[in-house]
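What follows is a set of notes on a single structure, which appears directly below.
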Amino acid sequence: MLMMCLGISGVAAAQEAVDLDMVNRIRQEAFHRSQVMATFSHLTENIGPRLTNSPQMAQANAWTRGKFSEWGLANVHDEAFDDFGRGWEFSNASVEMLGPRTLPLHALPKAWTPGTNGPVEGEAMLVTIKTVSDLDQYKGKLAGKILLLNEMRDYKRGVDADSHRHDEAGLAELQAFAVPSDTDKDRSKRIKEYAERQELARASNAFFVAEGALASLSISGWDNGIIRVGGGGSRKAGESVGVPALTMAAEHYNQLARALEREQVVKLRVNVQARFTDETDQPGYNTLAEITGSGRKAGEIVMLGAHMDSWHTGTGAADNAAGVAVMMEAMRILKAVGAKPHRTIRVALWSGEEQGLVGSQDYVARHFAAYPEPTDPKQKALPVSLRESTGALQKKRDYDRFSAYFNMDNGSGRFRGIYAQENLAVAPIFKAWLEPFNDVGATTVATRNTGSTDHVSFDRVGLPGFQFIQDRLDYFSNVHHSHLDTWDHIEAEDLKQAAAIVASFVYNAAMREEKLPRKPLLEK
Ligand SMILES: [Zn+2]
């Protein structure tokens, strides 16, 4: 087996050995015998969107378990996280303008909101509700109405290209670290805003039902007909799910709002078929599988993962069947090339990511470490990232056996490097690991943090958790959480490249003499 040192400056890098024979085999398998698109296609086109706890998410759990078993992985299983809430699905949605003229309008339902139980017809009415006290003025006025919840919005003409890959300047810019400003002030503001939003949503849901409103419409956050829609109502059994609620394409919504401004009577027909698939709150499920290590380090763990759940109107393609297909492909490649890692390599396909990293956070708490649960119900209602300190970190046995976690969830774009997450000691190691992939565009190690996805669940408890730098493509212009998040926006070559790099990174992490270095834990 050929072991060689790559010519990277710095003492640590000079000592970081990379098994180029193994990297060669990984690249051959990843580039010439790839199955990443077959996996991706099945998840997006055969199964479709995978809202957490929906029947399609259960199908995805079962299908991925089957694939892992077929590829010869060990310990293939689902692991539950408690009390996520109810499952939900929709099968149809239509909104029509019946007057002053007829027109089909483009709108899709928010997840966890009720159906209309057949077509309903009513007049559109614009309401302005920014705080709970704004509800009072509408008492006795909403019966039989279809509510427009937002003001009209000016069309935003695009100035940038829709799709975007990093150039040298962009990658150089990513390597600058911004010293944090006074983040605490922002944090208390964020907590206040979060609590207020939650309270307003709960109060509005109950109020609209009590007043007999028929449905509500919100404007899509993006223009150009793109419907960008997440959740509404409530996934928790026993809470008000409100009235049927849909998000409408901005250009259609604005037509309605302008007609109302002209004081025209706007008559609409809404028909939504949607249902909760459970009566009571259910656990969610992550899917896990392993290549078991061998020798004295077999009890140590290297992890890779991506979230398998998605929003419900596209097919959850870039967010995040792409990540799931890449992580699965990395495991398939390692088996195919006959890798015999020292440490155990464990893949996790998370659920509940879109609702606040619920699946990965629960998994980390059960297996590695957690801060004590708050007792104050107000604190408990906040996402973990916004809670006040509840005391010292409580570590489990596997905390000290853990090396690193690698995540993919920034769309489907090619890997251009990795964020070191303020862990300076891993930077030269990652530079050495990236060198055999410099020729396919992956060169950059940025010291900065990146957030908003499942590696944060590890990072928060002081475990090395990383997310790759990816080309953005049209992720944040067309695709993210929109009904256009489909197969079409993906490039097969990008997924092949990413799978090769992930397979190589986790193999290197599993074989290296030491576990990956940790940065000091910032105790909350
Ligand atoms: Zn995502």
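Each chain in the structure tokens gets a letter, A, B, ..., in the order shown, and its residues are numbered from 1; ligands are numbered from 1 in order too.
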* Any idea what's packed within 9 Å of Gly411 in chain A, counting only C-alpha atoms, ignoring anything in its chain fewer than 4 positions away? Could you give it as a list in words? -> Ala317, Ala318, Asp319, Asn320, Ala322, Gly323, Gln470, Asp471, Arg472, Leu473, Asp474, Tyr475, Phe476, Val479, His480 and Ile490 of chain A
If you keep N, CA and C atoms, can you produce a file of those selected residues as a tab-separated table (two decimals), in the first residue's frame?
chain	number	residue	atom	x	y	z
A	317	ALA	N	-35.14	17.50	-3.69
A	317	ALA	CA	-34.03	17.01	-4.51
A	317	ALA	C	-32.69	17.59	-4.05
A	318	ALA	N	-32.53	18.92	-4.19
A	318	ALA	CA	-31.29	19.54	-3.71
A	318	ALA	C	-31.30	19.59	-2.18
A	319	ASP	N	-32.48	19.64	-1.61
A	319	ASP	CA	-32.63	19.69	-0.14
A	319	ASP	C	-33.54	18.56	0.30
A	320	ASN	N	-33.05	17.35	0.50
A	320	ASN	CA	-31.65	17.04	0.48
A	320	ASN	C	-31.43	15.62	0.01
A	322	ALA	N	-29.97	15.01	-2.59
A	322	ALA	CA	-28.60	15.09	-3.09
A	322	ALA	C	-27.62	14.66	-1.99
A	323	GLY	N	-27.79	15.24	-0.79
A	323	GLY	CA	-26.90	14.90	0.33
A	323	GLY	C	-27.03	13.43	0.72
A	470	GLN	N	-19.84	24.24	-0.93
A	470	GLN	CA	-20.40	23.76	-2.19
A	470	GLN	C	-20.68	24.93	-3.14
A	471	ASP	N	-20.61	24.63	-4.44
A	471	ASP	CA	-21.12	25.60	-5.41
A	471	ASP	C	-22.61	25.77	-5.16
A	472	ARG	N	-23.06	27.01	-5.24
A	472	ARG	CA	-24.45	27.31	-4.88
A	472	ARG	C	-25.45	26.87	-5.95
A	473	LEU	N	-24.99	26.88	-7.21
A	473	LEU	CA	-25.90	26.68	-8.36
A	473	LEU	C	-27.10	27.63	-8.20
A	474	ASP	N	-28.33	27.13	-8.39
A	474	ASP	CA	-29.48	28.03	-8.23
A	474	ASP	C	-30.24	27.73	-6.94
A	475	TYR	N	-29.49	27.20	-5.96
A	475	TYR	CA	-30.13	26.77	-4.70
A	475	TYR	C	-30.90	27.91	-4.04
A	476	PHE	N	-30.26	29.05	-3.91
A	476	PHE	CA	-30.92	30.16	-3.20
A	476	PHE	C	-31.62	31.15	-4.13
A	479	VAL	N	-34.53	27.12	-5.83
A	479	VAL	CA	-34.79	25.75	-5.39
A	479	VAL	C	-35.12	25.59	-3.91
A	480	HIS	N	-34.37	26.28	-3.04
A	480	HIS	CA	-34.43	26.00	-1.59
A	480	HIS	C	-35.85	26.15	-1.04
A	490	ILE	N	-30.13	19.43	-10.66
A	490	ILE	CA	-28.95	18.71	-10.16
A	490	ILE	C	-28.00	18.37	-11.30
* Among the residues of range 188-410 of chain A, find those DSSP assigns to helix (DSSP H, G or I) from the backbone and print them as a ChimeraX atom specification. => /A:188-211,250-261,317-336,353-355,358-367,377-380,384-386,397-399
* Residues within 9 Å of ligand 1 should be enumerated using only C-alpha atoms and all ligand atoms and returned as a PyMOL selection string. => chain A and resi 306-310+316+318-320+323+353-354+408-411+452-454+480-481
* To do: Find the residue from A:Gln361, A:Glu523, A:Ala509, A:Ile219 that sits nearest to Val456 in chain A; use only C-alpha atoms when measuring.
  => A:Gln361
* Hey, what's within 12 Å of Lys130 in chain A if we count only C-alpha atoms and toss same-chain stuff fewer than 6 positions away? As a PyMOL selection string, please? -> chain A and resi 136+149-151+193+196-197+199-201+203-204
Any idea what's packed within 8 Å of Leu288 in chain A, counting only C-alpha atoms, ignoring anything in its chain fewer than 3 positions away? Could you give it as a tab-separated table (two decimals) with N, CA and C atoms, in the first residue's frame?
chain	number	residue	atom	x	y	z
A	65	ARG	N	-32.80	1.52	4.12
A	65	ARG	CA	-32.36	0.36	4.92
A	65	ARG	C	-32.10	-0.82	3.98
A	75	ASN	N	-25.31	-3.37	11.07
A	75	ASN	CA	-26.14	-2.60	12.03
A	75	ASN	C	-27.11	-1.65	11.33
A	76	VAL	N	-27.75	-2.13	10.29
A	76	VAL	CA	-28.72	-1.30	9.56
A	76	VAL	C	-30.00	-1.23	10.39
A	77	HIS	N	-30.40	-0.03	10.75
A	77	HIS	CA	-31.62	0.10	11.56
A	77	HIS	C	-32.13	1.54	11.57
A	78	ASP	N	-33.39	1.69	11.99
A	78	ASP	CA	-33.94	3.02	12.25
A	78	ASP	C	-33.84	3.29	13.74
A	79	GLU	N	-33.63	4.54	14.08
A	79	GLU	CA	-33.58	4.90	15.49
A	79	GLU	C	-34.58	6.01	15.73
A	346	ARG	N	-19.95	5.18	10.42
A	346	ARG	CA	-21.41	5.12	10.61
A	346	ARG	C	-22.09	6.23	9.82
A	347	VAL	N	-23.06	5.84	9.01
A	347	VAL	CA	-23.82	6.83	8.23
A	347	VAL	C	-25.18	7.04	8.89
A	348	ALA	N	-25.62	8.30	8.91
A	348	ALA	CA	-26.93	8.64	9.47
A	348	ALA	C	-27.73	9.44	8.44
A	349	LEU	N	-28.94	9.00	8.18
A	349	LEU	CA	-29.86	9.75	7.32
A	349	LEU	C	-30.92	10.33	8.26
* So what do you get for CA of His166 in chain A versus CA of Ile469 in chain A, distance-wise? -> 9.6 Å
